[in-house]
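Below: work28.cif (mmCIF, C-alpha atoms)
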```cif
data_start
loop_
_atom_site.group_PDB
_atom_site.id
_atom_site.type_symbol
_atom_site.label_atom_id
_atom_site.label_comp_id
_atom_site.auth_asym_id
_atom_site.auth_seq_id
_atom_site.Cartn_x
_atom_site.Cartn_y
_atom_site.Cartn_z
ATOM 1 C CA MET A 2 19.652 141.231 192.073
ATOM 2 C CA LEU A 3 20.469 143.454 189.131
ATOM 3 C CA PHE A 4 22.613 141.999 186.353
ATOM 4 C CA ASP A 5 24.520 143.874 183.660
ATOM 5 C CA ILE A 6 24.267 142.012 180.379
ATOM 6 C CA GLU A 7 26.491 142.425 177.390
ATOM 7 C CA VAL A 8 25.907 140.671 174.055
ATOM 8 C CA LYS A 9 28.702 140.814 171.485
ATOM 9 C CA ILE A 10 27.610 139.931 167.953
ATOM 10 C CA SER A 11 30.050 139.214 165.157
ATOM 11 C CA LEU A 12 29.881 137.678 161.702
ATOM 12 C CA LYS A 13 30.835 134.012 161.585
ATOM 13 C CA SER A 14 34.445 133.347 160.734
ATOM 14 C CA GLY A 15 35.030 133.405 156.977
ATOM 15 C CA MET A 16 31.961 135.557 156.241
ATOM 16 C CA LEU A 17 32.625 138.558 154.034
ATOM 17 C CA ASN A 18 32.426 141.742 156.155
ATOM 18 C CA PRO A 19 32.155 144.763 153.817
ATOM 19 C CA GLU A 20 32.235 147.252 156.729
ATOM 20 C CA ALA A 21 35.526 145.809 158.004
ATOM 21 C CA THR A 22 37.006 145.776 154.501
ATOM 22 C CA THR A 23 36.080 149.438 154.041
ATOM 23 C CA ILE A 24 37.607 150.383 157.417
ATOM 24 C CA GLU A 25 40.793 148.537 156.457
ATOM 25 C CA ARG A 26 41.004 150.407 153.138
ATOM 26 C CA SER A 27 40.349 153.745 154.840
ATOM 27 C CA LEU A 28 43.053 153.140 157.461
ATOM 28 C CA GLU A 29 45.438 152.376 154.596
ATOM 29 C CA LEU A 30 44.523 155.772 153.116
ATOM 30 C CA LEU A 31 45.711 157.346 156.369
ATOM 31 C CA GLY A 32 48.971 155.456 156.051
ATOM 32 C CA TYR A 33 48.352 152.720 158.630
ATOM 33 C CA GLU A 34 49.167 149.132 157.796
ATOM 34 C CA VAL A 35 46.510 146.958 159.374
ATOM 35 C CA LYS A 36 45.101 143.543 158.587
ATOM 36 C CA ASN A 37 42.270 141.223 159.663
ATOM 37 C CA VAL A 38 39.919 144.051 160.639
ATOM 38 C CA LYS A 39 36.753 142.750 162.278
ATOM 39 C CA THR A 40 33.678 144.583 163.530
ATOM 40 C CA VAL A 41 31.745 143.487 166.603
ATOM 41 C CA GLU A 42 28.387 144.911 167.632
ATOM 42 C CA THR A 43 27.731 145.251 171.364
ATOM 43 C CA ILE A 44 24.272 145.414 172.918
ATOM 44 C CA LYS A 45 24.045 146.199 176.632
ATOM 45 C CA PHE A 46 21.080 146.054 178.979
ATOM 46 C CA GLN A 47 20.124 145.181 182.540
ATOM 47 C CA MET A 48 17.839 142.489 183.980
ATOM 48 C CA GLU A 49 16.518 141.746 187.459
ATOM 49 C CA GLY A 50 16.753 138.161 188.695
ATOM 50 C CA GLU A 51 18.173 135.778 191.270
ATOM 51 C CA ASP A 52 19.758 133.110 189.121
ATOM 52 C CA ARG A 53 22.606 134.023 186.807
ATOM 53 C CA GLU A 54 22.185 130.863 184.724
ATOM 54 C CA ALA A 55 18.439 131.472 184.222
ATOM 55 C CA ILE A 56 19.183 135.008 183.018
ATOM 56 C CA ARG A 57 21.788 133.654 180.645
ATOM 57 C CA GLU A 58 19.294 131.189 179.177
ATOM 58 C CA ASN A 59 16.891 134.073 178.608
ATOM 59 C CA VAL A 60 19.560 136.066 176.773
ATOM 60 C CA VAL A 61 20.452 133.065 174.582
ATOM 61 C CA ASP A 62 16.772 132.940 173.651
ATOM 62 C CA MET A 63 16.824 136.662 172.779
ATOM 63 C CA CYS A 64 19.870 136.126 170.575
ATOM 64 C CA GLU A 65 18.309 133.218 168.698
ATOM 65 C CA ARG A 66 14.947 134.955 168.228
ATOM 66 C CA LEU A 67 15.878 138.572 167.475
ATOM 67 C CA LEU A 68 19.318 139.958 168.277
ATOM 68 C CA CYS A 69 21.253 137.662 165.917
ATOM 69 C CA ASN A 70 20.632 135.679 162.792
ATOM 70 C CA PRO A 71 22.129 132.244 163.521
ATOM 71 C CA VAL A 72 22.809 131.745 159.797
ATOM 72 C CA ILE A 73 25.504 134.448 159.752
ATOM 73 C CA HIS A 74 26.256 135.468 163.351
ATOM 74 C CA ASP A 75 28.215 134.227 166.356
ATOM 75 C CA TYR A 76 27.478 135.773 169.724
ATOM 76 C CA LYS A 77 29.065 135.971 173.160
ATOM 77 C CA ILE A 78 27.094 136.734 176.308
ATOM 78 C CA ASN A 79 28.374 138.252 179.545
ATOM 79 C CA VAL A 80 26.081 138.261 182.572
ATOM 80 C CA ILE A 81 27.616 140.238 185.432
ATOM 81 C CA PRO A 82 25.944 140.798 188.829
ATOM 82 C CA GLN A 83 26.011 144.563 189.240
ATOM 83 C CA ASN A 84 27.644 144.584 192.678
ATOM 84 C CA MET A 85 30.566 142.644 191.184
ATOM 85 C CA ALA A 86 30.796 144.948 188.186
ATOM 86 C CA CYS A 87 30.988 147.983 190.444
ATOM 87 C CA GLY A 88 33.440 146.295 192.817
ATOM 88 C CA LYS A 89 31.159 146.922 195.793
ATOM 89 C CA MET B 27 -9.424 138.682 144.477
ATOM 90 C CA LYS B 28 -8.115 140.602 147.461
ATOM 91 C CA ILE B 29 -4.358 140.912 147.910
ATOM 92 C CA GLY B 30 -3.007 142.211 151.207
ATOM 93 C CA VAL B 31 -0.180 144.768 151.162
ATOM 94 C CA ILE B 32 1.682 144.701 154.484
ATOM 95 C CA ARG B 33 2.708 147.998 156.053
ATOM 96 C CA PHE B 34 5.342 148.371 158.775
ATOM 97 C CA PRO B 35 6.679 151.679 160.092
ATOM 98 C CA GLY B 36 9.260 152.487 157.412
ATOM 99 C CA THR B 37 7.646 150.612 154.513
ATOM 100 C CA ASN B 38 7.796 152.917 151.481
ATOM 101 C CA CYS B 39 6.902 150.890 148.372
ATOM 102 C CA ASP B 40 3.362 150.068 149.553
ATOM 103 C CA ARG B 41 1.525 152.463 147.230
ATOM 104 C CA ASP B 42 3.563 151.445 144.186
ATOM 105 C CA VAL B 43 2.766 147.809 144.977
ATOM 106 C CA ALA B 44 -0.954 148.587 145.406
ATOM 107 C CA GLN B 45 -0.930 150.344 142.011
ATOM 108 C CA ALA B 46 0.767 147.318 140.417
ATOM 109 C CA ILE B 47 -1.817 144.973 141.966
ATOM 110 C CA GLU B 48 -4.602 147.126 140.478
ATOM 111 C CA LEU B 49 -2.910 147.116 137.065
ATOM 112 C CA ALA B 50 -2.872 143.310 137.277
ATOM 113 C CA GLY B 51 -6.657 143.352 137.745
ATOM 114 C CA LEU B 52 -6.698 142.558 141.470
ATOM 115 C CA THR B 53 -7.853 144.453 144.549
ATOM 116 C CA PRO B 54 -5.151 145.639 146.965
ATOM 117 C CA GLU B 55 -5.820 146.281 150.630
ATOM 118 C CA TYR B 56 -3.316 147.690 153.117
ATOM 119 C CA ILE B 57 -2.636 145.665 156.263
ATOM 120 C CA TRP B 58 -0.975 147.208 159.332
ATOM 121 C CA TRP B 59 1.744 145.188 161.113
ATOM 122 C CA SER B 60 -0.418 144.577 164.194
ATOM 123 C CA GLU B 61 -3.089 142.611 162.277
ATOM 124 C CA GLU B 62 -2.863 138.878 162.906
ATOM 125 C CA ASN B 63 -5.939 137.513 161.132
ATOM 126 C CA LEU B 64 -5.343 137.486 157.364
ATOM 127 C CA THR B 65 -7.797 134.745 156.431
ATOM 128 C CA ASP B 66 -9.797 137.110 154.156
ATOM 129 C CA TYR B 67 -6.905 137.536 151.738
ATOM 130 C CA ASP B 68 -6.105 135.515 148.623
ATOM 131 C CA GLY B 69 -2.448 136.468 148.677
ATOM 132 C CA ILE B 70 0.062 138.786 150.337
ATOM 133 C CA VAL B 71 2.768 141.185 149.177
ATOM 134 C CA ILE B 72 5.392 142.419 151.648
ATOM 135 C CA PRO B 73 6.655 145.611 149.942
ATOM 136 C CA GLY B 74 10.070 147.213 150.106
ATOM 137 C CA GLY B 75 11.267 150.021 152.340
ATOM 138 C CA PHE B 76 13.170 150.282 155.574
ATOM 139 C CA SER B 77 10.936 148.668 158.177
ATOM 140 C CA TYR B 78 11.916 149.790 161.676
ATOM 141 C CA GLY B 79 14.847 151.711 160.203
ATOM 142 C CA ASP B 80 16.676 148.454 159.378
ATOM 143 C CA TYR B 81 17.723 148.372 163.053
ATOM 144 C CA LEU B 82 19.714 145.263 164.103
ATOM 145 C CA ARG B 83 19.471 143.880 160.557
ATOM 146 C CA ALA B 84 17.167 144.601 157.625
ATOM 147 C CA GLY B 85 13.899 142.833 158.417
ATOM 148 C CA ALA B 86 14.848 141.709 161.936
ATOM 149 C CA MET B 87 12.307 143.809 163.857
ATOM 150 C CA ALA B 88 9.485 143.179 161.379
ATOM 151 C CA SER B 89 10.036 139.428 161.697
ATOM 152 C CA ILE B 90 8.604 139.316 165.238
ATOM 153 C CA THR B 91 5.383 141.305 164.622
ATOM 154 C CA PRO B 92 1.839 139.791 164.824
ATOM 155 C CA VAL B 93 1.256 140.076 161.063
ATOM 156 C CA ILE B 94 4.031 137.528 160.514
ATOM 157 C CA ASP B 95 1.977 134.903 162.393
ATOM 158 C CA GLY B 96 -0.928 135.700 160.059
ATOM 159 C CA ILE B 97 1.328 135.289 157.011
ATOM 160 C CA LYS B 98 2.572 131.919 158.298
ATOM 161 C CA GLU B 99 -1.047 130.778 158.667
ATOM 162 C CA LEU B 100 -1.819 131.830 155.079
ATOM 163 C CA VAL B 101 1.210 129.901 153.851
ATOM 164 C CA LYS B 102 -0.188 126.795 155.555
ATOM 165 C CA GLU B 103 -3.385 127.378 153.533
ATOM 166 C CA GLU B 104 -1.210 127.424 150.380
ATOM 167 C CA LYS B 105 -1.896 131.070 149.535
ATOM 168 C CA PRO B 106 0.867 132.845 147.566
ATOM 169 C CA VAL B 107 3.197 135.326 149.321
ATOM 170 C CA LEU B 108 5.593 137.684 147.525
ATOM 171 C CA GLY B 109 8.314 139.579 149.437
ATOM 172 C CA ILE B 110 10.005 142.416 147.552
ATOM 173 C CA CYS B 111 13.334 143.977 148.665
ATOM 174 C CA ASN B 112 12.794 144.640 152.398
ATOM 175 C CA GLY B 113 9.948 142.108 152.101
ATOM 176 C CA ALA B 114 12.467 139.558 150.799
ATOM 177 C CA GLN B 115 14.803 140.313 153.703
ATOM 178 C CA ILE B 116 11.884 139.747 156.102
ATOM 179 C CA LEU B 117 10.967 136.397 154.473
ATOM 180 C CA GLY B 118 14.607 135.341 154.914
ATOM 181 C CA GLU B 119 14.628 136.437 158.558
ATOM 182 C CA ILE B 120 11.510 134.416 159.406
ATOM 183 C CA GLY B 121 12.794 131.393 157.515
ATOM 184 C CA LEU B 122 9.906 131.094 155.047
ATOM 185 C CA VAL B 123 12.519 131.076 152.285
ATOM 186 C CA PRO B 124 16.058 129.687 152.563
ATOM 187 C CA GLY B 125 19.059 131.987 153.044
ATOM 188 C CA ILE B 126 19.361 135.660 153.941
ATOM 189 C CA PHE B 127 20.043 138.984 152.184
ATOM 190 C CA ILE B 128 22.965 140.869 153.767
ATOM 191 C CA THR B 129 25.179 143.920 153.136
ATOM 192 C CA ASN B 130 26.353 144.222 149.525
ATOM 193 C CA GLU B 131 29.911 143.154 148.770
ATOM 194 C CA TYR B 132 30.682 146.784 147.919
ATOM 195 C CA PRO B 133 28.541 148.394 150.607
ATOM 196 C CA LYS B 134 26.839 151.178 148.700
ATOM 197 C CA PHE B 135 23.164 151.646 147.931
ATOM 198 C CA ASN B 136 22.838 150.145 144.492
ATOM 199 C CA CYS B 137 20.058 151.548 142.289
ATOM 200 C CA GLU B 138 19.991 150.446 138.652
ATOM 201 C CA TRP B 139 18.235 148.372 135.993
ATOM 202 C CA VAL B 140 19.502 144.812 135.724
ATOM 203 C CA ASP B 141 19.083 141.820 133.433
ATOM 204 C CA LEU B 142 17.736 138.787 135.264
ATOM 205 C CA LYS B 143 17.597 135.154 134.263
ATOM 206 C CA VAL B 144 14.422 133.306 135.244
ATOM 207 C CA GLY B 145 15.531 130.187 137.114
ATOM 208 C CA THR B 146 12.151 128.507 137.436
ATOM 209 C CA SER B 147 8.658 129.107 136.102
ATOM 210 C CA ARG B 148 6.972 126.882 138.694
ATOM 211 C CA THR B 149 6.154 129.797 141.063
ATOM 212 C CA PRO B 150 2.892 131.711 140.514
ATOM 213 C CA PHE B 151 4.948 134.873 140.055
ATOM 214 C CA THR B 152 7.156 133.554 137.252
ATOM 215 C CA LYS B 153 4.679 131.238 135.544
ATOM 216 C CA ALA B 154 4.296 133.675 132.609
ATOM 217 C CA PHE B 155 8.026 133.383 131.826
ATOM 218 C CA GLU B 156 10.078 130.589 130.309
ATOM 219 C CA LYS B 157 12.854 129.062 132.391
ATOM 220 C CA GLY B 158 16.107 130.671 131.204
ATOM 221 C CA GLN B 159 14.336 133.768 129.823
ATOM 222 C CA THR B 160 15.964 137.164 130.440
ATOM 223 C CA ILE B 161 13.822 139.933 131.932
ATOM 224 C CA GLN B 162 14.586 143.519 133.036
ATOM 225 C CA LEU B 163 13.761 144.920 136.465
ATOM 226 C CA PRO B 164 15.305 147.634 138.662
ATOM 227 C CA ILE B 165 17.140 146.941 141.927
ATOM 228 C CA ALA B 166 17.510 149.455 144.793
ATOM 229 C CA HIS B 167 19.256 148.171 147.903
ATOM 230 C CA ALA B 168 22.386 148.194 150.067
ATOM 231 C CA GLU B 169 21.616 144.872 151.741
ATOM 232 C CA GLY B 170 20.796 142.407 149.005
ATOM 233 C CA ARG B 171 23.726 139.996 148.896
ATOM 234 C CA PHE B 172 22.177 136.550 148.976
ATOM 235 C CA TYR B 173 23.848 134.022 151.242
ATOM 236 C CA THR B 174 22.828 130.490 152.135
ATOM 237 C CA GLU B 175 24.538 127.640 153.932
ATOM 238 C CA ASP B 176 23.272 125.003 151.509
ATOM 239 C CA ILE B 177 23.319 126.105 147.894
ATOM 240 C CA ASP B 178 23.094 122.528 146.573
ATOM 241 C CA LEU B 179 19.766 121.978 148.307
ATOM 242 C CA LEU B 180 18.356 125.065 146.540
ATOM 243 C CA LYS B 181 19.423 123.700 143.176
ATOM 244 C CA ASP B 182 18.118 120.193 143.894
ATOM 245 C CA GLN B 183 14.738 121.558 144.961
ATOM 246 C CA ASP B 184 14.399 124.071 142.104
ATOM 247 C CA GLN B 185 14.234 127.054 144.481
ATOM 248 C CA ILE B 186 16.344 129.563 142.525
ATOM 249 C CA VAL B 187 13.851 132.007 140.981
ATOM 250 C CA LEU B 188 16.032 134.828 139.583
ATOM 251 C CA GLN B 189 19.757 135.319 139.006
ATOM 252 C CA PHE B 190 21.602 138.435 137.862
ATOM 253 C CA GLU B 191 22.787 138.076 134.289
ATOM 254 C CA GLY B 192 25.955 139.589 132.868
ATOM 255 C CA LYS B 193 27.159 140.931 136.227
ATOM 256 C CA ASN B 194 26.686 140.407 139.932
ATOM 257 C CA PRO B 195 26.075 143.921 141.338
ATOM 258 C CA ASN B 196 25.995 142.985 145.044
ATOM 259 C CA GLY B 197 28.186 139.875 145.286
ATOM 260 C CA SER B 198 25.294 137.450 145.833
ATOM 261 C CA MET B 199 26.126 133.749 146.035
ATOM 262 C CA GLU B 200 25.917 132.446 142.433
ATOM 263 C CA ALA B 201 24.329 135.824 141.514
ATOM 264 C CA ILE B 202 21.035 134.682 143.072
ATOM 265 C CA THR B 203 18.592 137.513 143.808
ATOM 266 C CA SER B 204 15.305 135.657 144.247
ATOM 267 C CA VAL B 205 14.456 132.332 145.891
ATOM 268 C CA CYS B 206 11.272 130.488 146.793
ATOM 269 C CA ASP B 207 10.217 127.949 149.408
ATOM 270 C CA GLU B 208 9.865 124.261 148.544
ATOM 271 C CA SER B 209 6.271 124.717 147.355
ATOM 272 C CA GLY B 210 7.126 127.707 145.156
ATOM 273 C CA LEU B 211 4.229 129.687 146.641
ATOM 274 C CA VAL B 212 6.435 131.899 148.845
ATOM 275 C CA CYS B 213 8.858 133.979 146.831
ATOM 276 C CA ALA B 214 11.481 136.489 148.011
ATOM 277 C CA MET B 215 13.022 138.856 145.467
ATOM 278 C CA MET B 216 15.375 141.829 145.777
ATOM 279 C CA PRO B 217 14.442 143.463 142.399
ATOM 280 C CA HIS B 218 11.351 145.692 142.286
ATOM 281 C CA PRO B 219 8.688 144.334 139.890
ATOM 282 C CA GLU B 220 6.259 147.097 140.962
ATOM 283 C CA ARG B 221 8.607 149.646 139.370
ATOM 284 C CA ALA B 222 8.417 147.872 136.009
ATOM 285 C CA CYS B 223 4.700 147.449 135.370
ATOM 286 C CA GLU B 224 4.248 149.889 132.487
ATOM 287 C CA GLU B 225 6.254 150.346 129.283
ATOM 288 C CA LEU B 226 6.467 154.037 130.172
ATOM 289 C CA PHE B 227 8.897 153.107 132.968
ATOM 290 C CA GLY B 228 11.160 151.110 130.661
ATOM 291 C CA SER B 229 9.757 147.598 131.081
ATOM 292 C CA ASP B 230 6.499 145.916 132.016
ATOM 293 C CA ASP B 231 8.124 142.586 132.915
ATOM 294 C CA GLY B 232 7.210 143.239 136.549
ATOM 295 C CA LEU B 233 3.455 143.108 135.930
ATOM 296 C CA ASN B 234 3.565 139.324 135.420
ATOM 297 C CA PHE B 235 4.699 138.878 139.035
ATOM 298 C CA PHE B 236 1.412 140.452 140.217
ATOM 299 C CA LYS B 237 -0.720 138.704 137.585
ATOM 300 C CA GLY B 238 0.651 135.544 139.187
ATOM 301 C CA PHE B 239 -1.888 135.953 141.990
ATOM 302 C CA LEU B 240 -4.734 135.370 139.490
#
```
Written as structure tokens, that's how I'd like the structure from this file.
Amino acid sequence: MLFDIEVKISLKSGMLNPEATTIERSLELLGYEVKNVKTVETIKFQMEGEDREAIRENVVDMCERLLCNPVIHDYKINVIPQNMACGK
Amino acid sequence: MKIGVIRFPGTNCDRDVAQAIELAGLTPEYIWWSEENLTDYDGIVIPGGFSYGDYLRAGAMASITPVIDGIKELVKEEKPVLGICNGAQILGEIGLVPGIFITNEYPKFNCEWVDLKVGTSRTPFTKAFEKGQTIQLPIAHAEGRFYTEDIDLLKDQDQIVLQFEGKNPNGSMEAITSVCDESGLVCAMMPHPERACEELFGSDDGLNFFKGFL
């Protein structure tokens, strides 16, 4: 079975996010009043497998070893069987 | 003495570092990222640059290459390892030094000379300096803001090697810009000592970091 995987990586709560601060300032320049801007990075890929939980464990491993730095990042993982994603 | 200079795709301070190693009276030798056996070397420098285009995070991709396993083996043999700029980011990523270097508080590429206070002279690289001495080196980075979860531990274990003096150009925690491991043999620094090895360039304070391998 083919799974669609989505990893969303964000800075831990309370961490300074210079990119978000700059976006907030720039939106102010355009006249918009916004607050609490956050940026979230999304990485998408596909994996073949039978067991959704086993795939998830693999992706957690990827996050801990490469995709994120656990010192500064939180991550959320979505593992979606492709037939469900497409509504087939 | 043979000092290995690690090269990743995107490393760009390798030749400056090799020149500095020669000026210090040592023999540099370039090592490609795929080399795992580093037992012939008496020490290692991971130079600055933009390994793997800084994709994901600065140093993230380099941290999973075979040469890193070789470096970890050398550390077990108590050989000195110096990571400069991108090399410092890589040492943080692989956990050989505490903390991590992330996007500057004001996220621009910051290239200037800075005053630095020597926090400890127990590392090979800072043994020529007095603790508390001020030295001058250039910085050149956009991702150099030091962050750690346990600053007290660093202080207790005498692991703060350099701090910015007079100003904090990237918003680093307690203005820290260089740290070492518990032994002091592995040192990560954002400033570029290889760019300050001859008076002609404005300071030769950087040369002592390379003489530290002797």
Show me, as a list in words, the residues of chain A whose atoms get within 7 Å of chain B, using only C-alpha atoms for the distance check. Pro19, Leu67 and Leu68 of chain A
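From CA of Arg171 (chain B) back to CA of Ile73 (chain A), the distance works out to 12.3 Å.
Considering all atoms listed in the file, the residue among A:Leu17, A:Ile6, A:Val80, A:Val41 positioned nearest to Glu54 (chain A) is A:Val80.
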CA of Phe155 (chain B) sits from CA of Asn196 (chain B) at a separation of 24.3 Å
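Look at Tyr56 (chain B): the protein and nucleic acid residues within 7 Å of it, using all atoms listed in the file and passing over chain neighbours fewer than 4 places away, are B:Gly30, B:Val31, B:Ile32, B:Arg33.
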